[in-house]
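Okay, protein28.txt now, which holds compact mmCIF, C-alpha atoms:
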```txt
# COMPACT_ATOMS: atom_id res chain seq x y z
CA MET A 1 111.91 133.14 124.10
CA ASN A 2 112.66 135.64 121.33
CA HIS A 3 113.88 133.84 118.20
CA SER A 4 114.06 136.84 115.88
CA ALA A 5 116.49 136.31 113.04
CA SER A 6 117.90 139.81 113.65
CA PRO A 7 121.00 139.97 115.90
CA VAL A 8 120.32 141.38 119.35
CA THR A 9 122.48 142.57 122.23
CA VAL A 10 123.45 139.69 124.50
CA ASP A 11 125.69 139.77 127.53
CA HIS A 12 129.23 138.84 126.48
CA ASP A 13 129.72 136.62 129.53
CA ASP A 14 126.60 134.64 128.63
CA ILE A 15 128.03 134.02 125.16
CA ILE A 16 131.34 132.81 126.61
CA ARG A 17 129.56 130.47 129.03
CA ALA A 18 127.37 129.07 126.25
CA ARG A 19 130.33 128.38 123.98
CA THR A 20 132.31 126.87 126.83
CA ALA A 21 129.43 124.55 127.67
CA LEU A 22 129.28 123.33 124.08
CA LEU A 23 133.05 122.83 123.87
CA ALA A 24 133.40 121.09 127.22
CA SER A 25 134.34 117.42 127.18
CA GLY A 26 131.79 114.84 128.24
CA ARG A 27 128.26 114.19 127.12
CA ARG A 28 125.85 117.12 127.26
CA THR A 29 122.21 116.78 128.13
CA PRO A 30 119.55 118.26 125.81
CA ARG A 31 118.72 120.75 128.58
CA GLU A 32 122.33 121.99 128.63
CA GLU A 33 122.42 122.26 124.85
CA VAL A 34 119.16 124.18 124.75
CA ARG A 35 120.41 126.69 127.32
CA ALA A 36 123.54 127.29 125.26
CA TYR A 37 121.79 127.46 121.89
CA ARG A 38 119.16 129.86 123.23
CA VAL A 39 121.94 132.35 123.89
CA LEU A 40 123.94 131.74 120.73
CA ALA A 41 120.87 131.78 118.46
CA GLN A 42 120.39 135.44 119.38
CA VAL A 43 123.79 136.41 118.01
CA GLY A 44 124.20 133.80 115.27
CA PRO A 45 120.74 132.78 114.15
CA ALA A 46 121.84 131.23 110.85
CA ALA A 47 124.15 128.78 112.60
CA TYR A 48 122.30 128.14 115.84
CA LEU A 49 118.54 128.32 115.23
CA PRO A 50 118.48 124.89 113.53
CA LEU A 51 120.56 123.45 116.36
CA LEU A 52 118.26 125.03 118.94
CA ALA A 53 115.16 123.61 117.29
CA ASP A 54 116.59 120.11 117.13
CA SER A 55 117.85 120.25 120.72
CA LEU A 56 114.42 121.33 121.92
CA LEU A 57 112.91 118.35 120.12
CA SER A 58 115.51 115.99 121.61
CA TRP A 59 114.65 117.30 125.07
CA SER A 60 110.93 116.88 124.42
CA TYR A 61 111.42 113.22 123.45
CA GLN A 62 112.88 112.54 126.91
CA VAL A 63 109.92 114.01 128.76
CA PRO A 64 107.58 111.37 130.24
CA ASN A 65 104.28 110.93 128.41
CA ASP A 66 102.35 112.12 131.46
CA ARG A 67 104.01 115.54 131.44
CA PRO A 68 102.47 117.43 128.51
CA ASP A 69 102.84 120.62 130.54
CA VAL A 70 106.62 120.25 130.05
CA CYS A 71 106.69 118.74 126.56
CA LEU A 72 104.28 121.04 124.73
CA PRO A 73 106.16 124.30 125.54
CA LEU A 74 109.38 122.70 124.28
CA VAL A 75 107.92 121.77 120.90
CA GLU A 76 106.19 125.14 120.63
CA GLU A 77 109.55 126.81 121.12
CA ALA A 78 111.10 124.44 118.57
CA VAL A 79 108.48 125.50 116.01
CA ALA A 80 109.15 129.18 116.77
CA ALA A 81 112.90 128.64 116.33
CA ALA A 82 112.36 126.78 113.05
CA ARG A 83 110.08 129.49 111.72
CA ALA A 84 112.70 132.11 112.58
CA ILE A 85 115.28 130.47 110.31
CA ASP A 86 115.90 132.49 107.16
CA PRO A 87 113.52 131.20 104.45
CA ALA A 88 116.45 131.20 102.03
CA GLU A 89 118.26 128.64 104.20
CA PRO A 90 118.02 125.18 102.51
CA ALA A 91 117.80 123.32 105.83
CA ARG A 92 114.81 125.35 107.05
CA ALA A 93 112.10 123.21 105.44
CA GLU A 94 113.29 119.96 107.02
CA VAL A 95 113.88 121.50 110.46
CA LEU A 96 110.40 123.04 110.37
CA ARG A 97 108.86 119.77 109.20
CA ARG A 98 110.34 117.89 112.17
CA ALA A 99 109.21 120.56 114.60
CA LEU A 100 105.68 120.73 113.21
CA HIS A 101 105.38 116.95 113.24
CA ALA A 102 106.25 116.86 116.93
CA TYR A 103 103.92 119.80 117.59
CA GLN A 104 100.88 118.20 116.01
CA ARG A 105 101.56 114.99 117.93
CA GLU A 106 101.62 116.84 121.25
CA LEU A 107 98.51 118.85 120.40
CA TYR A 108 96.60 115.64 119.71
CA ALA A 109 97.99 114.00 122.84
CA THR A 110 96.62 116.87 124.94
CA GLY A 111 93.19 116.76 123.29
CA ARG A 112 93.65 119.87 121.13
CA ARG A 113 92.54 118.04 118.01
CA ALA A 114 91.41 121.05 115.95
CA GLU A 115 94.80 122.72 116.42
CA GLY A 116 96.57 119.46 115.67
CA LEU A 117 94.63 119.12 112.42
CA ALA A 118 95.55 122.69 111.45
CA VAL A 119 99.23 121.89 111.94
CA ARG A 120 98.81 118.75 109.84
CA ALA A 121 97.37 120.90 107.06
CA GLU A 122 100.59 122.91 107.11
CA LEU A 123 102.64 119.71 106.91
CA GLY A 124 100.98 118.70 103.64
CA PRO A 125 97.91 117.06 102.13
CA GLY A 126 98.97 113.50 102.93
CA ILE A 127 99.19 113.78 106.71
CA TRP A 128 96.30 116.26 106.69
CA ALA A 129 94.15 113.64 104.95
CA THR A 130 94.93 111.17 107.73
CA GLY A 131 93.69 113.72 110.24
CA LEU A 132 90.54 114.28 108.19
CA LEU A 133 89.84 110.54 108.19
CA GLU A 134 89.99 110.57 111.98
CA GLU A 135 87.30 113.25 112.03
CA GLY A 136 85.07 111.31 109.62
CA ARG A 137 85.57 113.95 106.92
CA TYR A 138 85.96 111.30 104.25
CA ALA A 139 85.14 113.36 101.17
CA GLU A 140 87.76 115.97 102.06
CA ALA A 141 90.31 113.26 102.83
CA ALA A 142 89.64 111.58 99.50
CA ASP A 143 90.04 114.88 97.65
CA ALA A 144 93.31 115.63 99.46
CA LEU A 145 94.75 112.22 98.61
CA THR A 146 93.53 112.57 95.02
CA ARG A 147 96.00 115.45 94.79
CA VAL A 148 98.80 113.41 96.38
CA VAL A 149 98.62 110.17 94.39
CA PRO A 150 99.41 111.51 90.87
CA ALA A 151 102.75 112.94 92.01
CA LEU A 152 103.63 109.63 93.65
CA ARG A 153 102.60 107.73 90.53
CA ALA A 154 105.09 109.84 88.58
CA ASP A 155 107.84 108.58 90.89
CA GLY A 156 106.73 105.00 90.30
CA PRO A 157 106.07 102.13 92.74
CA ARG A 158 109.73 101.80 93.65
CA SER A 159 109.53 105.01 95.67
CA GLY A 160 107.80 102.99 98.40
CA ALA A 161 105.35 105.75 99.29
CA LEU A 162 102.89 104.99 96.48
CA ALA A 163 101.53 101.73 97.89
CA TRP A 164 100.80 103.25 101.30
CA SER A 165 99.08 106.28 99.77
CA LEU A 166 97.01 104.06 97.48
CA LEU A 167 95.79 102.05 100.48
CA GLU A 168 94.73 105.20 102.30
CA TRP A 169 93.25 106.82 99.18
CA THR A 170 91.10 103.86 98.18
CA THR A 171 89.87 103.51 101.76
CA ALA A 172 88.95 107.20 101.88
CA LEU A 173 87.13 106.97 98.54
CA ASP A 174 85.15 103.98 99.76
CA ALA A 175 84.29 105.63 103.08
CA ALA A 176 83.18 108.75 101.21
CA GLY A 177 80.68 106.67 99.25
CA ARG A 178 82.66 106.90 96.02
CA HIS A 179 82.64 103.12 95.66
CA ALA A 180 83.12 102.90 91.89
CA GLU A 181 86.17 105.16 92.06
CA ALA A 182 87.55 103.16 94.99
CA LEU A 183 87.15 99.88 93.10
CA ALA A 184 88.76 101.28 89.95
CA ALA A 185 91.69 102.66 91.91
CA PHE A 186 92.09 99.43 93.86
CA ALA A 187 92.02 97.40 90.63
CA ASP A 188 94.90 99.53 89.34
CA PHE A 189 96.70 98.98 92.65
CA VAL A 190 96.28 95.20 92.36
CA ALA A 191 97.60 95.27 88.77
CA MET A 192 100.58 97.41 89.80
CA GLN A 193 101.43 95.08 92.68
CA ALA A 194 101.08 92.03 90.42
CA GLU A 195 103.65 93.49 88.03
CA GLU A 196 105.98 94.36 90.92
CA ALA A 197 105.68 90.84 92.34
CA ALA A 198 106.25 89.24 88.93
CA ASN A 199 109.50 91.19 88.63
CA GLU A 200 110.49 90.33 92.23
CA ARG A 201 110.25 93.95 93.32
CA ALA A 202 107.46 93.10 95.77
CA SER A 203 106.47 89.99 97.67
CA LEU A 204 103.93 87.53 96.34
CA SER A 205 102.30 87.65 99.77
CA SER A 206 101.55 91.36 99.51
CA HIS A 207 99.93 90.81 96.11
CA LEU A 208 97.90 87.93 97.56
CA LEU A 209 96.69 90.05 100.48
CA LEU A 210 95.60 92.76 98.06
CA LEU A 211 93.66 90.22 95.98
CA LEU A 212 91.78 89.07 99.07
CA ARG A 213 90.90 92.65 99.99
CA TYR A 214 89.84 93.37 96.40
CA ALA A 215 87.51 90.36 96.44
CA ARG A 216 85.80 91.68 99.58
CA MET A 217 85.34 95.09 97.97
CA LEU A 218 83.79 93.45 94.92
CA ASP A 219 81.48 91.48 97.22
CA ALA A 220 80.32 94.69 98.89
CA ALA A 221 79.61 96.19 95.45
CA GLY A 222 77.49 93.19 94.48
CA ARG A 223 79.94 92.16 91.75
CA GLY A 224 80.03 88.50 92.72
CA GLU A 225 81.42 87.04 89.51
CA GLU A 226 84.41 89.39 89.59
CA ALA A 227 84.93 88.60 93.28
CA THR A 228 84.98 84.90 92.41
CA ALA A 229 87.57 85.55 89.68
CA ALA A 230 89.76 87.45 92.12
CA ARG A 231 89.52 84.58 94.59
CA ARG A 232 90.46 82.06 91.91
CA GLU A 233 93.57 84.08 91.19
CA ALA A 234 94.27 84.26 94.93
CA LEU A 235 93.82 80.48 95.24
CA ALA A 236 96.34 79.83 92.48
CA LEU A 237 98.86 82.16 94.08
CA LEU A 238 98.38 80.76 97.57
CA THR A 239 98.70 77.20 96.21
CA ARG A 240 102.01 78.20 94.65
CA LEU A 241 103.23 79.76 97.91
CA ALA A 242 102.22 76.68 99.89
CA ALA A 243 104.26 74.55 97.51
CA THR A 244 107.39 76.66 97.04
CA GLY A 245 107.24 79.62 99.43
CA GLU A 246 108.37 83.12 98.56
CA PRO A 247 111.11 83.14 95.91
CA ARG A 248 113.14 85.55 98.04
CA THR A 249 113.24 86.91 101.58
CA TRP A 250 111.55 90.23 102.30
CA SER A 251 111.79 92.71 105.13
CA GLY A 252 109.07 93.01 107.75
CA TYR A 253 107.20 95.67 105.77
CA GLN A 254 104.63 93.12 104.60
CA ARG A 255 103.45 92.60 108.18
CA VAL A 256 102.74 96.33 108.41
CA PHE A 257 100.97 96.02 105.06
CA TRP A 258 98.91 93.13 106.40
CA ALA A 259 98.01 95.02 109.58
CA VAL A 260 96.71 98.00 107.59
CA LEU A 261 94.61 95.72 105.38
CA LEU A 262 93.33 93.85 108.44
CA SER A 263 92.30 97.08 110.16
CA ILE A 264 90.45 98.19 107.01
CA SER A 265 88.56 94.90 106.87
CA GLY A 266 87.96 94.91 110.62
CA ALA A 267 86.31 98.33 110.39
CA GLU A 268 83.19 96.48 109.20
CA SER A 269 82.76 95.16 112.74
CA GLU A 270 83.45 98.45 114.56
CA ARG A 271 80.79 100.76 115.99
CA PHE A 272 81.43 104.50 116.39
CA ALA A 273 79.11 107.15 117.75
CA PRO A 274 78.19 110.06 115.48
CA GLY A 275 80.89 112.72 115.62
CA GLU A 276 83.31 110.52 117.56
CA PRO A 277 86.89 110.55 116.24
CA ARG A 278 87.96 107.15 114.97
CA PRO A 279 91.10 105.47 113.62
CA PRO A 280 92.10 106.51 110.10
CA PHE A 281 91.72 103.04 108.61
CA GLY A 282 93.96 102.77 105.58
CA ALA A 283 96.88 104.58 107.23
CA THR A 284 99.68 102.89 109.16
CA VAL A 285 99.34 103.04 112.94
CA MET A 286 102.48 105.19 113.00
CA ASP A 287 100.44 107.97 111.39
CA TRP A 288 97.47 107.76 113.78
CA SER A 289 97.19 110.56 116.32
CA PRO A 290 98.32 109.56 119.84
CA ASP A 291 94.90 109.92 121.45
CA ILE A 292 93.18 107.79 118.80
CA LYS A 293 95.89 105.14 119.05
CA LYS A 294 95.61 105.01 122.84
CA ARG A 295 91.80 104.78 122.80
CA TYR A 296 91.81 102.06 120.13
CA PHE A 297 94.30 99.83 121.92
CA ASP A 298 93.29 100.55 125.52
CA ALA A 299 89.80 99.24 124.74
CA CYS A 300 91.13 95.68 124.37
CA ASP A 301 90.89 94.85 128.08
CA GLY A 302 87.31 96.06 128.26
CA LEU A 303 86.44 94.11 125.13
CA ARG A 304 87.83 90.93 126.66
CA ASP A 305 85.66 91.46 129.75
CA ARG A 306 82.55 92.07 127.63
CA ILE A 307 83.21 88.96 125.55
CA ASP A 308 83.72 86.78 128.63
CA ALA A 309 80.47 88.08 130.11
CA LEU A 310 78.61 87.46 126.85
CA VAL A 311 79.75 83.85 126.37
CA PRO A 312 77.25 82.28 128.81
CA GLN A 313 74.47 84.56 127.54
CA ALA A 314 75.18 83.45 123.96
CA ALA A 315 75.04 79.82 125.09
CA ASP A 316 71.66 80.35 126.78
CA ASP A 317 70.11 82.58 124.12
CA PRO A 318 72.05 82.38 120.84
CA ASP A 319 69.32 84.18 118.90
CA ARG A 320 69.95 87.36 120.87
CA HIS A 321 73.64 87.20 121.71
CA LEU A 322 75.69 84.91 119.45
CA ALA A 323 76.05 87.28 116.48
CA GLU A 324 77.09 90.12 118.81
CA LEU A 325 79.59 87.81 120.49
CA VAL A 326 81.12 87.00 117.10
CA ARG A 327 81.30 90.71 116.23
CA LEU A 328 82.93 91.76 119.49
CA GLN A 329 85.42 88.90 119.34
CA ARG A 330 86.46 90.01 115.86
CA VAL A 331 86.92 93.60 117.05
CA LEU A 332 89.18 92.35 119.86
CA THR A 333 91.12 90.10 117.49
CA VAL A 334 91.80 92.83 114.94
CA ARG A 335 92.71 95.46 117.51
CA SER A 336 95.03 93.10 119.39
CA ALA A 337 96.78 91.92 116.24
CA VAL A 338 97.28 95.47 114.96
CA ARG A 339 98.66 96.51 118.36
CA TRP A 340 101.09 93.60 118.49
CA GLU A 341 102.32 94.33 114.99
CA HIS A 342 102.79 98.01 115.87
CA CYS A 343 104.77 97.03 118.98
CA GLY A 344 106.92 94.61 116.97
CA CYS A 345 105.79 91.54 118.91
CA LEU A 346 103.36 89.96 116.46
CA SER A 347 103.66 86.25 115.74
CA VAL A 348 101.31 83.57 114.48
CA GLU A 349 101.79 81.77 117.80
CA LYS A 350 100.80 84.84 119.82
CA ALA A 351 97.89 86.05 117.71
CA GLY A 352 96.72 82.62 116.54
CA PRO A 353 94.55 81.75 119.57
CA LEU A 354 92.41 84.87 119.09
CA PHE A 355 91.88 84.08 115.41
CA ASP A 356 91.15 80.45 116.31
CA GLU A 357 88.55 81.62 118.82
CA GLY A 358 86.94 83.75 116.13
CA VAL A 359 86.71 80.80 113.77
CA GLU A 360 85.13 78.54 116.41
CA LEU A 361 82.56 81.16 117.41
CA ALA A 362 81.73 81.75 113.75
CA ARG A 363 81.27 77.98 113.27
CA ARG A 364 78.71 78.04 116.06
CA LEU A 365 76.92 80.95 114.42
CA ALA A 366 76.94 79.22 111.02
CA ALA A 367 75.43 76.10 112.57
CA HIS A 368 72.81 78.10 114.47
CA ASP A 369 71.94 80.49 111.64
CA PRO A 370 72.42 78.78 108.24
CA ALA A 371 71.13 81.87 106.41
CA ASP A 372 73.53 84.55 107.69
CA GLY A 373 76.05 82.62 109.79
CA PRO A 374 78.22 81.23 106.95
CA ALA A 375 79.23 84.75 105.89
CA ALA A 376 80.67 85.32 109.38
CA LEU A 377 82.57 82.03 109.11
CA VAL A 378 83.99 83.03 105.71
CA THR A 379 85.17 86.29 107.29
CA ALA A 380 86.77 84.54 110.28
CA LEU A 381 88.52 81.97 108.08
CA THR A 382 89.77 84.68 105.74
CA ASP A 383 91.06 86.74 108.66
CA ARG A 384 93.01 83.75 109.97
CA CYS A 385 94.22 82.95 106.47
CA THR A 386 95.72 86.43 106.15
CA LEU A 387 97.47 86.12 109.52
CA ARG A 388 99.08 82.90 108.35
CA ILE A 389 100.08 84.49 105.05
CA ALA A 390 101.74 87.35 106.93
CA GLY A 391 103.55 84.76 109.08
CA ARG A 392 104.61 82.76 105.97
CA ASP A 393 102.60 79.78 107.23
CA PHE A 394 101.21 79.10 103.79
CA ALA A 395 99.93 75.51 104.02
CA PRO A 396 97.50 76.20 106.91
CA ALA A 397 96.54 79.47 105.18
CA LEU A 398 95.63 77.48 102.08
CA ALA A 399 93.47 75.12 104.14
CA ASP A 400 91.57 78.06 105.62
CA PHE A 401 91.09 79.65 102.23
CA ARG A 402 89.83 76.46 100.64
CA GLU A 403 87.31 75.99 103.44
CA ALA A 404 86.13 79.58 103.00
CA LEU A 405 85.72 79.06 99.27
CA GLY A 406 83.67 75.95 99.92
CA LEU A 407 81.16 78.00 101.91
CA GLN A 408 80.47 80.36 99.01
CA PRO A 409 77.90 79.63 96.29
CA ALA A 410 79.47 78.81 92.94
CA GLY A 411 79.73 81.75 90.59
CA CYS A 412 79.26 84.49 93.15
CA GLY A 413 81.01 86.05 96.08
CA THR A 414 79.78 86.47 99.62
CA ILE A 415 77.49 89.47 99.38
CA ARG A 416 77.80 91.57 102.50
CA PRO A 417 76.02 94.87 103.21
CA ARG A 418 78.21 97.93 103.43
CA SER A 419 78.88 98.72 107.06
CA SER A 420 78.04 102.16 108.38
CA ARG A 421 81.00 104.20 109.51
CA VAL A 422 78.90 105.96 112.14
CA LEU A 423 76.98 103.60 114.38
CA SER A 424 76.26 103.12 118.06
CA SER A 425 79.16 103.54 120.45
CA GLN A 426 81.47 100.65 121.05
```

When written as C-alpha cells, how does the structure in this file appear?
Amino acid sequence: MNHSASPVTVDHDDIIRARTALLASGRRTPREEVRAYRVLAQVGPAAYLPLLADSLLSWSYQVPNDRPDVCLPLVEEAVAAARAIDPAEPARAEVLRRALHAYQRELYATGRRAEGLAVRAELGPGIWATGLLEEGRYAEAADALTRVVPALRADGPRSGALAWSLLEWTTALDAAGRHAEALAAFADFVAMQAEEAANERASLSSHLLLLLRYARMLDAAGRGEEATAARREALALLTRLAATGEPRTWSGYQRVFWAVLLSISGAESERFAPGEPRPPFGATVMDWSPDIKKRYFDACDGLRDRIDALVPQAADDPDRHLAELVRLQRVLTVRSAVRWEHCGCLSVEKAGPLFDEGVELARRLAAHDPADGPAALVTALTDRCTLRIAGRDFAPALADFREALGLQPAGCGTIRPRSSRVLSSQ
C-alpha cells in the first residue's frame, strides 16, 4: 500500500464510500476502518495517516497468535503509514513508537530476532539494551543503560522509571563482569530506596527486598562483613514489618518488583547453552521478547517431569542426584512464580507449596552434605522469605529469615561462587 505523504489521484466514488463508512451509525470493525483510512490517507495524509496506523495496530491485536502471516503484514503497513506522517507533525513520534513496538514484537514472535533487535535499537537505548541482554551481549547492554540512567536520575525517583532501569542496569553490569560498578550502583539504589521509603514514597517491603538482593551480591563479591551488615539492617526492617506492617497500602507494583528480583537471583540456578538466547534478567517480563517468554514459561511442565523422575534417583544415590534435584526444583519454582505474577494470579497460597518443597529438599541436602548443603538451604529459605514479604505475610517471612541467618557463620556472609551465564543446556 502506497503511503506517500503527497496527495494522489483517487477515485471520487471510493472517497465517498470511505467517508460514508466512517460516518455510518453502529460499531465499525478495525478491518472496516482500515479500508476507509487507506483510501482517505491518500488524499488527506495529515489527518488520516495516524488514524490508519492506529487502526492497523488495532486489527493486528485481534489476530490470533498462531496467525503471524496475517499479523506481521498489518504491523508492517502500520510502520509504513507512521513513517509517512510529516516529520513536523507533533503526533508522529508517538504513532511511530507504537507501530515500531508492535513490529519488533511480531518479528521476535516469528523468530526474526536480528530484525527485531534492529527495530528495538530504533526505539531507544533502553528497550535495545533489553534485547542485547537476551543475546548475551552484556557489555553492550550495560553501556546502553549507562547512557539511559543519568537522564532518569535527573527526573528523580518519583518518575517511576528510574528504579526499573537501575535494576536492569546493575544486572547488566554484573553479567558483563563489571562487578565493582554493579555493587556501587546497587548501593546507591539501596540508599535511594531507603530515603523514598523513609518519606513514605516507596514501600518498606521494596527496600527490604533490595537489601536482601544487595547482601547476596556482596556475598558473591566475597565481602562477607558488608553482607552481614546489610542482613542486620534487613532483619531490623523485617522485624518492624512483622510487628506493625506497612504504614500505608501500596499498589501491586511491589509484586512485579519482587518477581524481577527473584528472576535475577534465580538466574544462578539456570543453565544456558553457548549462544542460546535467554531471558533478560533485570527487566520486567512485559519487556521480554515473546519467543523468550514462551520458551521460559513453557519449560515448566518438562521441569516438573524431570524433577519427579529424579526424586527416586536422589533417594537412592544422593551423592550424584540430590544437588541437581535441588537446582532443578529451584528453577521450576522461580519460573512458575514469575509466570503467575505476570499473569496476575500470584498468591502465597498458590506459590507457597513450590517454595516449601524447595526448602525441604534443601534441608535434605544440608543434612547429607554439611559442607555445601547449608548454602542451598539459606537460598531456599531466603527465596521463601521474599515470597512472603511480597504477600505481606511478614511473621512467617521473619521466621524464615532468622533461620537463614542462623545457618551463616558469624561475621561473614554465605560465600557463593559466581554462576556462569553460559552453561550446559537446560

* To do: Write out as a count of residues only the residues lying within 10 Å of A:Glu140, counting all atoms listed in the file and excluding same-chain residues fewer than 6 positions away.
  => 8

* Could you tell me which of A:Arg137, A:His368, A:Arg363, A:Arg92 comes closest to A:Glu403 if we count all atoms listed in the file? =>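 Smallest distance to A:Glu403 is found for A:Arg363.
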
If we count all atoms listed in the file and set the cut-off at 8 Å, which residues sit around stretch 246-258 of chain A, ignoring sequence neighbours fewer than 3 positions away in its own chain? Please answer as an mmCIF file with C-alpha atoms, keeping the file's coordinate frame.
```cif
data_model
loop_
_atom_site.group_PDB
_atom_site.id
_atom_site.type_symbol
_atom_site.label_atom_id
_atom_site.label_comp_id
_atom_site.auth_asym_id
_atom_site.auth_seq_id
_atom_site.Cartn_x
_atom_site.Cartn_y
_atom_site.Cartn_z
ATOM 1 C CA GLU A 200 110.490 90.330 92.230
ATOM 2 C CA SER A 203 106.470 89.990 97.670
ATOM 3 C CA LEU A 204 103.930 87.530 96.340
ATOM 4 C CA SER A 205 102.300 87.650 99.770
ATOM 5 C CA SER A 206 101.550 91.360 99.510
ATOM 6 C CA LEU A 209 96.690 90.050 100.480
ATOM 7 C CA LEU A 241 103.230 79.760 97.910
ATOM 8 C CA LEU A 261 94.610 95.720 105.380
ATOM 9 C CA LEU A 262 93.330 93.850 108.440
ATOM 10 C CA THR A 284 99.680 102.890 109.160
ATOM 11 C CA GLU A 341 102.320 94.330 114.990
ATOM 12 C CA HIS A 342 102.790 98.010 115.870
ATOM 13 C CA THR A 386 95.720 86.430 106.150
ATOM 14 C CA LEU A 387 97.470 86.120 109.520
ATOM 15 C CA ALA A 390 101.740 87.350 106.930
ATOM 16 C CA GLY A 391 103.550 84.760 109.080
#
```

* Calculate how many Å separate atom CA of A:Asp317 from atom CA of A:Gln329, rounding to one decimal. =>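 Rounded to one decimal, the two atoms are 17.2 Å apart.
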
* Counting all atoms listed in the file, what is within 7 Å of A:Arg388, bar same-chain residues fewer than 5 positions away, as a list in words? ->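 Non-adjacent residues within range: Val348, Asp393, Phe394 and Ala397 of chain A.
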
* Nearest residue to A:Arg327 from the set A:Phe297, A:Lys350, A:Gln408, A:Arg271 (distances using all atoms listed in the file) ->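 Checking each of A:Phe297, A:Lys350, A:Gln408, A:Arg271 against A:Arg327, counting all atoms listed in the file, the winner is A:Arg271.
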
* Which one is closest to A:Ala102: A:Arg67, A:Arg402, A:Arg120, A:Arg330? Count only C-alpha atoms. ->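 Of A:Arg67, A:Arg402, A:Arg120, A:Arg330, the one nearest A:Ala102 is A:Arg120, counting only C-alpha atoms.
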
* To do: Mind checking which residues fall within 9 Å of A:Tyr103, counting only C-alpha atoms, ignoring those fewer than 6 positions away in the same chain, and posting them as a PyMOL selection string?
  => chain A and resi 72+75-76+78-79+116+119

* Using only C-alpha atoms, which of A:Gly275, A:Val331, A:Asp66, A:Leu354 sits nearest A:Gly302? -> A:Val331

Show me the residues close to (88.2, 91.9, 103.1) - anything with an atom within 8 Å, counting all atoms listed in the file - and format the list as an mmCIF file with C-alpha atoms, in the coordinates of the input.
```
data_model
loop_
_atom_site.group_PDB
_atom_site.id
_atom_site.type_symbol
_atom_site.label_atom_id
_atom_site.label_comp_id
_atom_site.auth_asym_id
_atom_site.auth_seq_id
_atom_site.Cartn_x
_atom_site.Cartn_y
_atom_site.Cartn_z
ATOM 1 C CA LEU A 212 91.780 89.070 99.070
ATOM 2 C CA ARG A 213 90.900 92.650 99.990
ATOM 3 C CA TYR A 214 89.840 93.370 96.400
ATOM 4 C CA ALA A 215 87.510 90.360 96.440
ATOM 5 C CA ARG A 216 85.800 91.680 99.580
ATOM 6 C CA MET A 217 85.340 95.090 97.970
ATOM 7 C CA LEU A 261 94.610 95.720 105.380
ATOM 8 C CA LEU A 262 93.330 93.850 108.440
ATOM 9 C CA ILE A 264 90.450 98.190 107.010
ATOM 10 C CA SER A 265 88.560 94.900 106.870
ATOM 11 C CA THR A 379 85.170 86.290 107.290
ATOM 12 C CA THR A 382 89.770 84.680 105.740
#
```

Could you build a table of the residues in stretch 130-214 of chain A lying no more than 9 Å from stretch 219-223 of chain A, giving for each the nearest pair of atoms and their separation in Å rounded to one decimal place, using only C-alpha atoms, ordered by chain and ascending residue number, as CSV?
```
residue,atom,partner,partner_atom,distance
A:His179,CA,A:Ala221,CA,7.6
A:Ala180,CA,A:Ala221,CA,8.4
A:Leu183,CA,A:Ala221,CA,8.7
A:Tyr214,CA,A:Asp219,CA,8.6
```

* Give the answer as one residue: which of A:Ala323, A:Ala234, A:Ala84, A:Ala309 has the shortest atom-to-atom distance to A:Cys385, using all atoms listed in the file? =>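 The shortest atom-to-atom distance to A:Cys385 comes from A:Ala234.
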
* Distance of atom CA of A:Pro125 from atom CA of A:Ala144, expressed in Å to one decimal place ->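 Calculated distance between atom CA of A:Ala144 and atom CA of A:Pro125 is 5.5 Å.
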
* **Selection: 10 Å around A:Ala46, all atoms listed in the file, excl. self and same-chain fewer than 3 positions, as JSON, numbers by chain** => {"A": [5, 6, 41, 42, 43, 49, 50, 51, 84, 85, 86, 89, 92]}

* Asked: Which of these, A:Ala18, A:Ala187, A:Ala109, A:Leu117, has the shortest distance to A:Glu134 once you count only C-alpha atoms?
  -> A:Leu117

* atom CA of A:Thr171 to atom CA of A:Glu106, distance in Å rounded to a single decimal ->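 Interatomic distance here is 26.4 Å.
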